[in-house]
Amino acid sequence: MATGTRIGRSRFTLIFLLLSSATLLTLDAREFEPLQRTEETISDLISPLRTGADRVFEPVGDAWAGITGYDELESENEALRAELQKLEGQQILDSDAAIRLESLLDELGLPYVQDIPNVVAEVVTANVGNFDRYSVQINRGSEDGIRNGMPVVTRGGLIGRIDGDPGRGHSRVTLLTDPGFEVGVLAVGTDDVALASGGGHGEPLMVTKGLEIDTEVNVGHEVVTSGVDRSRYPPGIPIGTVTYIDYDEARLLQLLTVEPSANTDNLSFVTVLLYDPLAEDS
Amino acid sequence: MNTANAYLRSALFLLTALVLHMALFSDLRVLGVAPEVPLAIAITAGLVGGPERGAVAGFIIGLGIDLYLPTLFGLSALIYTVWGYTVGLIEERIFRSAWWINVLVTAAATAGGLLVYALLGELLGEANLYTDRLYVVMGVAAAYNLVLSLPLLGLWRWSWPRLLGEER
């Protein structure tokens with residue numbers, strides 16, 4: 001008898017919990033605001049515990065990464081040294097180009113990236129699960145002026161955008177490697193605005209729409225954000241370098257493979273550009 | 001020790017496990033795969049406490065991890081609830097198990113849980129869940145959870161000693 005009662009009670013509990021989960025799923029899919037605010041509040045409450053634990057266990061994580069990724073780190077180090085040498089030479093050219101770009105953007109009434117207010121944030125948690133390889137959490141949120149969709153950059157260029165409404169003191173960043181990530185781009189020196197999308201973890205970006213077949217683009221060409229027509233991103237943020245060009249003869253388009261200029265692995269600090277295209281318009 | 005004390009221990013255990021998963025275990029990756037601690041929590045709760053406690057523990061830890069995942073809020077809670085309940089039911093009905101069976105069940109249920117998570121997530125419109133990489137994730141996470149299952153089973157027994165004693 002007691003066993004029967006226990007089974008009946010456990011079935012009731014299961015049904016209750018399943019209905020609760022289904023309700024939460026539905027409310028979240030409909031972006032029900034009170035639920036999102038509750039999520040933020042709970043997340044904010046756990047945040048200090050998590051930050052403390054992060055600090056304590058950071059050396060363990062670093063040691064593990066050092067052990068399991070030693071070969072990768074070594075080759076990355078070599079690549080970075082080569083890149084540094086290249087950048088030192090490029091710096092002189094860039095300073096001149098930057099001045100010219102700033103005056104051009106000024107003439108067109110578009111904001112220059114370096115003039116946009118920004119917030120520097122620390123990456124507190126990279127992906128916590130095995131299915132969210134394309135997002136990281138940062139320790140700055142709505143109280144720092146961060147809003148949904150704002151661009152996130154490092155010195156190398158664009159790395160992603162704020163995804164969803166941020167909490168008071170934390171936000172989630174979707175990385176540009178996410179296959180669902182799209183950004184309007186143009187190859188420096190051309191006028192065709194094209195659409196680049198993420199190619200997956202460790203893979204280059206793909207430009208598959210918008211670049212006409214007769215536009216002159218070469219391997220090695222720099223690609224930046226276009227920033228036109230209420231784009232979420234201001235113009236001129238470096239995206240990467242063209243590494244391969246293919247042609248779609250049927251659609252008369254060029255298909256570009258673009259190696260991102262910013263590394264999205266092992267991020268420590270990022271900069272959120274407090275850029276709101278609608279405010280810029282007004 | 002009274003019932004309230006057992007629930008307090010359980011809550012403390014769940015919160016600690018959630019924080020440790022985010023701060024420590026999610027960084028300990030092999031082939032880019034981290035242990036699925038929250039799923040292991042739900043499974044081992046079912047193995048030690050039966051279907052009802054497995055479902056409740058799965059629901060709570062699922063909601064906790066859903067706060068930090070970009071997928072729909074409630075997806076992990078739904079799957080972990082079902083998984084905690086199912087594993088608890090199998091343990092109760094089919095095998096009152098030896099420790100090594102519990103360890104193997106945790107590993108197998110981890111792989112199965114991840115497959116269901118990916119399939120259900122894709123059905124609900126989440127991208128990038130059912131990919132070629134899924135089978136690597138299932139294999140590595142199952143191996144990780146196989147190792148973690150023994151301490152987790154022990155911790156659940158620490159959380160519910162009196163309650164388990166009353167039932168058996």
# chains A, B, ... in the order shown; residues from 1 in each chain; ligands from 1
$ closest_atom_pairs --of "chain B" --to "chain A" --cutoff "9 Å" --atoms "only C-alpha atoms" --output "JSON lines"
{"residue": "B:Leu15", "atom": "CA", "partner": "A:Ile46", "partner_atom": "CA", "distance": 9.0}
{"residue": "B:Val19", "atom": "CA", "partner": "A:Arg50", "partner_atom": "CA", "distance": 5.7}
{"residue": "B:Leu20", "atom": "CA", "partner": "A:Ala53", "partner_atom": "CA", "distance": 7.1}
{"residue": "B:His21", "atom": "CA", "partner": "A:Val128", "partner_atom": "CA", "distance": 7.6}
{"residue": "B:Met22", "atom": "CA", "partner": "A:Val128", "partner_atom": "CA", "distance": 5.6}
{"residue": "B:Ala23", "atom": "CA", "partner": "A:Asp54", "partner_atom": "CA", "distance": 4.7}
{"residue": "B:Leu24", "atom": "CA", "partner": "A:Phe57", "partner_atom": "CA", "distance": 5.8}
{"residue": "B:Phe25", "atom": "CA", "partner": "A:Gly61", "partner_atom": "CA", "distance": 8.3}
{"residue": "B:Ser26", "atom": "CA", "partner": "A:Val128", "partner_atom": "CA", "distance": 5.2}
{"residue": "B:Asp27", "atom": "CA", "partner": "A:Gly61", "partner_atom": "CA", "distance": 5.3}
{"residue": "B:Leu28", "atom": "CA", "partner": "A:Gly61", "partner_atom": "CA", "distance": 6.2}
{"residue": "B:Arg29", "atom": "CA", "partner": "A:Ala65", "partner_atom": "CA", "distance": 7.9}
{"residue": "B:Val30", "atom": "CA", "partner": "A:Thr68", "partner_atom": "CA", "distance": 7.2}
{"residue": "B:Leu31", "atom": "CA", "partner": "A:Thr68", "partner_atom": "CA", "distance": 8.7}
{"residue": "B:Gly32", "atom": "CA", "partner": "A:Asn130", "partner_atom": "CA", "distance": 8.0}
{"residue": "B:Val33", "atom": "CA", "partner": "A:Asn130", "partner_atom": "CA", "distance": 5.9}
{"residue": "B:Ala34", "atom": "CA", "partner": "A:Asn130", "partner_atom": "CA", "distance": 6.4}
{"residue": "B:Pro35", "atom": "CA", "partner": "A:Asn130", "partner_atom": "CA", "distance": 8.4}
{"residue": "B:Glu36", "atom": "CA", "partner": "A:Gly129", "partner_atom": "CA", "distance": 7.4}
{"residue": "B:Pro51", "atom": "CA", "partner": "A:Ser10", "partner_atom": "CA", "distance": 6.7}
{"residue": "B:Glu52", "atom": "CA", "partner": "A:Ser10", "partner_atom": "CA", "distance": 4.7}
{"residue": "B:Arg53", "atom": "CA", "partner": "A:Ser10", "partner_atom": "CA", "distance": 8.3}
{"residue": "B:Ala55", "atom": "CA", "partner": "A:Leu14", "partner_atom": "CA", "distance": 6.4}
{"residue": "B:Val56", "atom": "CA", "partner": "A:Leu17", "partner_atom": "CA", "distance": 7.5}
{"residue": "B:Phe59", "atom": "CA", "partner": "A:Leu17", "partner_atom": "CA", "distance": 7.0}
{"residue": "B:Leu63", "atom": "CA", "partner": "A:Ser21", "partner_atom": "CA", "distance": 8.7}
{"residue": "B:Gly64", "atom": "CA", "partner": "A:Ser43", "partner_atom": "CA", "distance": 8.7}
{"residue": "B:Ile65", "atom": "CA", "partner": "A:Val128", "partner_atom": "CA", "distance": 8.3}
{"residue": "B:Leu67", "atom": "CA", "partner": "A:Glu39", "partner_atom": "CA", "distance": 6.3}
{"residue": "B:Tyr68", "atom": "CA", "partner": "A:Val128", "partner_atom": "CA", "distance": 7.2}
{"residue": "B:Leu69", "atom": "CA", "partner": "A:Asp132", "partner_atom": "CA", "distance": 6.9}
{"residue": "B:Pro70", "atom": "CA", "partner": "A:Asp132", "partner_atom": "CA", "distance": 6.8}
{"residue": "B:Thr71", "atom": "CA", "partner": "A:Asp132", "partner_atom": "CA", "distance": 8.1}
{"residue": "B:Leu72", "atom": "CA", "partner": "A:Leu25", "partner_atom": "CA", "distance": 6.1}
{"residue": "B:Phe73", "atom": "CA", "partner": "A:Leu25", "partner_atom": "CA", "distance": 5.7}
{"residue": "B:Gly74", "atom": "CA", "partner": "A:Leu25", "partner_atom": "CA", "distance": 5.0}
{"residue": "B:Leu75", "atom": "CA", "partner": "A:Leu25", "partner_atom": "CA", "distance": 6.5}
{"residue": "B:Ser76", "atom": "CA", "partner": "A:Ser21", "partner_atom": "CA", "distance": 8.8}
{"residue": "B:Ala77", "atom": "CA", "partner": "A:Ser21", "partner_atom": "CA", "distance": 6.2}
{"residue": "B:Leu78", "atom": "CA", "partner": "A:Ser21", "partner_atom": "CA", "distance": 5.2}
{"residue": "B:Ile79", "atom": "CA", "partner": "A:Leu18", "partner_atom": "CA", "distance": 9.0}
{"residue": "B:Thr81", "atom": "CA", "partner": "A:Leu17", "partner_atom": "CA", "distance": 7.2}
{"residue": "B:Val82", "atom": "CA", "partner": "A:Leu14", "partner_atom": "CA", "distance": 7.6}
{"residue": "B:Tyr85", "atom": "CA", "partner": "A:Leu14", "partner_atom": "CA", "distance": 7.3}
{"residue": "B:Ala118", "atom": "CA", "partner": "A:Phe131", "partner_atom": "CA", "distance": 8.5}
{"residue": "B:Ala127", "atom": "CA", "partner": "A:Gly180", "partner_atom": "CA", "distance": 7.9}
{"residue": "B:Asn128", "atom": "CA", "partner": "A:Phe131", "partner_atom": "CA", "distance": 7.3}
{"residue": "B:Leu129", "atom": "CA", "partner": "A:Phe131", "partner_atom": "CA", "distance": 6.1}
{"residue": "B:Leu134", "atom": "CA", "partner": "A:Phe131", "partner_atom": "CA", "distance": 8.6}
{"residue": "B:Val137", "atom": "CA", "partner": "A:Asn130", "partner_atom": "CA", "distance": 6.9}
{"residue": "B:Ala141", "atom": "CA", "partner": "A:Asn130", "partner_atom": "CA", "distance": 8.8}
$ select_by_dssp --residues "segment 134-251 of chain A" --states "strand (DSSP E)" --output "ChimeraX atom specification"
/A:135-138,151-154,157-162,171-175,182-187,194-197,205-209,222-225,238-248
$ write_last_selection --atoms "C-alpha atoms" --output "PDB file, in the first residue's frame"
ATOM      1  CA  SER A 135      29.184  32.242 -26.435  1.00  0.00           C
ATOM      2  CA  VAL A 136      31.017  33.678 -23.437  1.00  0.00           C
ATOM      3  CA  GLN A 137      29.871  35.560 -20.366  1.00  0.00           C
ATOM      4  CA  ILE A 138      31.327  38.946 -19.421  1.00  0.00           C
ATOM      5  CA  PRO A 151      29.217  44.933 -30.906  1.00  0.00           C
ATOM      6  CA  VAL A 152      32.038  43.356 -28.931  1.00  0.00           C
ATOM      7  CA  VAL A 153      35.638  43.771 -30.076  1.00  0.00           C
ATOM      8  CA  THR A 154      39.219  43.110 -29.095  1.00  0.00           C
ATOM      9  CA  GLY A 157      38.704  43.303 -34.447  1.00  0.00           C
ATOM     10  CA  LEU A 158      35.110  42.174 -34.080  1.00  0.00           C
ATOM     11  CA  ILE A 159      34.589  39.061 -31.968  1.00  0.00           C
ATOM     12  CA  GLY A 160      30.809  39.071 -31.532  1.00  0.00           C
ATOM     13  CA  ARG A 161      27.782  40.866 -30.175  1.00  0.00           C
ATOM     14  CA  ILE A 162      25.774  41.055 -26.954  1.00  0.00           C
ATOM     15  CA  SER A 171      26.057  39.801 -20.275  1.00  0.00           C
ATOM     16  CA  ARG A 172      26.344  37.003 -22.788  1.00  0.00           C
ATOM     17  CA  VAL A 173      28.355  37.491 -25.960  1.00  0.00           C
ATOM     18  CA  THR A 174      27.640  35.457 -29.088  1.00  0.00           C
ATOM     19  CA  LEU A 175      30.903  34.924 -30.939  1.00  0.00           C
ATOM     20  CA  GLU A 182      25.716  37.426 -39.661  1.00  0.00           C
ATOM     21  CA  VAL A 183      27.378  40.773 -40.229  1.00  0.00           C
ATOM     22  CA  GLY A 184      27.372  43.241 -43.116  1.00  0.00           C
ATOM     23  CA  VAL A 185      30.901  43.632 -44.476  1.00  0.00           C
ATOM     24  CA  LEU A 186      32.866  45.189 -47.266  1.00  0.00           C
ATOM     25  CA  ALA A 187      36.322  44.530 -48.586  1.00  0.00           C
ATOM     26  CA  ALA A 194      28.144  41.747 -48.534  1.00  0.00           C
ATOM     27  CA  LEU A 195      26.958  39.436 -45.772  1.00  0.00           C
ATOM     28  CA  ALA A 196      29.459  37.357 -43.809  1.00  0.00           C
ATOM     29  CA  SER A 197      28.398  34.507 -41.564  1.00  0.00           C
ATOM     30  CA  LEU A 205      33.865  33.159 -41.928  1.00  0.00           C
ATOM     31  CA  MET A 206      32.048  32.813 -45.235  1.00  0.00           C
ATOM     32  CA  VAL A 207      30.831  35.641 -47.440  1.00  0.00           C
ATOM     33  CA  THR A 208      28.116  34.134 -49.615  1.00  0.00           C
ATOM     34  CA  LYS A 209      25.755  37.005 -50.357  1.00  0.00           C
ATOM     35  CA  GLU A 222      41.122  43.192 -45.546  1.00  0.00           C
ATOM     36  CA  VAL A 223      37.415  42.906 -44.701  1.00  0.00           C
ATOM     37  CA  VAL A 224      35.698  45.327 -42.299  1.00  0.00           C
ATOM     38  CA  THR A 225      32.153  45.982 -41.080  1.00  0.00           C
ATOM     39  CA  PRO A 238      38.219  44.773 -38.792  1.00  0.00           C
ATOM     40  CA  ILE A 239      36.689  41.368 -39.498  1.00  0.00           C
ATOM     41  CA  GLY A 240      39.523  39.490 -41.160  1.00  0.00           C
ATOM     42  CA  THR A 241      41.470  38.735 -44.287  1.00  0.00           C
ATOM     43  CA  VAL A 242      40.313  37.056 -47.488  1.00  0.00           C
ATOM     44  CA  THR A 243      42.039  33.694 -47.788  1.00  0.00           C
ATOM     45  CA  TYR A 244      40.116  32.083 -50.642  1.00  0.00           C
ATOM     46  CA  ILE A 245      37.810  33.252 -53.428  1.00  0.00           C
ATOM     47  CA  ASP A 246      35.254  31.110 -55.223  1.00  0.00           C
ATOM     48  CA  TYR A 247      32.702  32.106 -57.838  1.00  0.00           C
ATOM     49  CA  ASP A 248      28.996  31.344 -58.082  1.00  0.00           C
TER      50      ASP A 248
END
$ atom_distance --atom1 "atom CA of Leu267 of chain A" --atom2 "atom CA of Asp144 of chain A"
20.1 Å
$ closest_residue --among "B:Thr110, B:Gly50, B:Pro38, B:Asn2" --to "Glu92 of chain B" --atoms "only C-alpha atoms"
B:Gly50
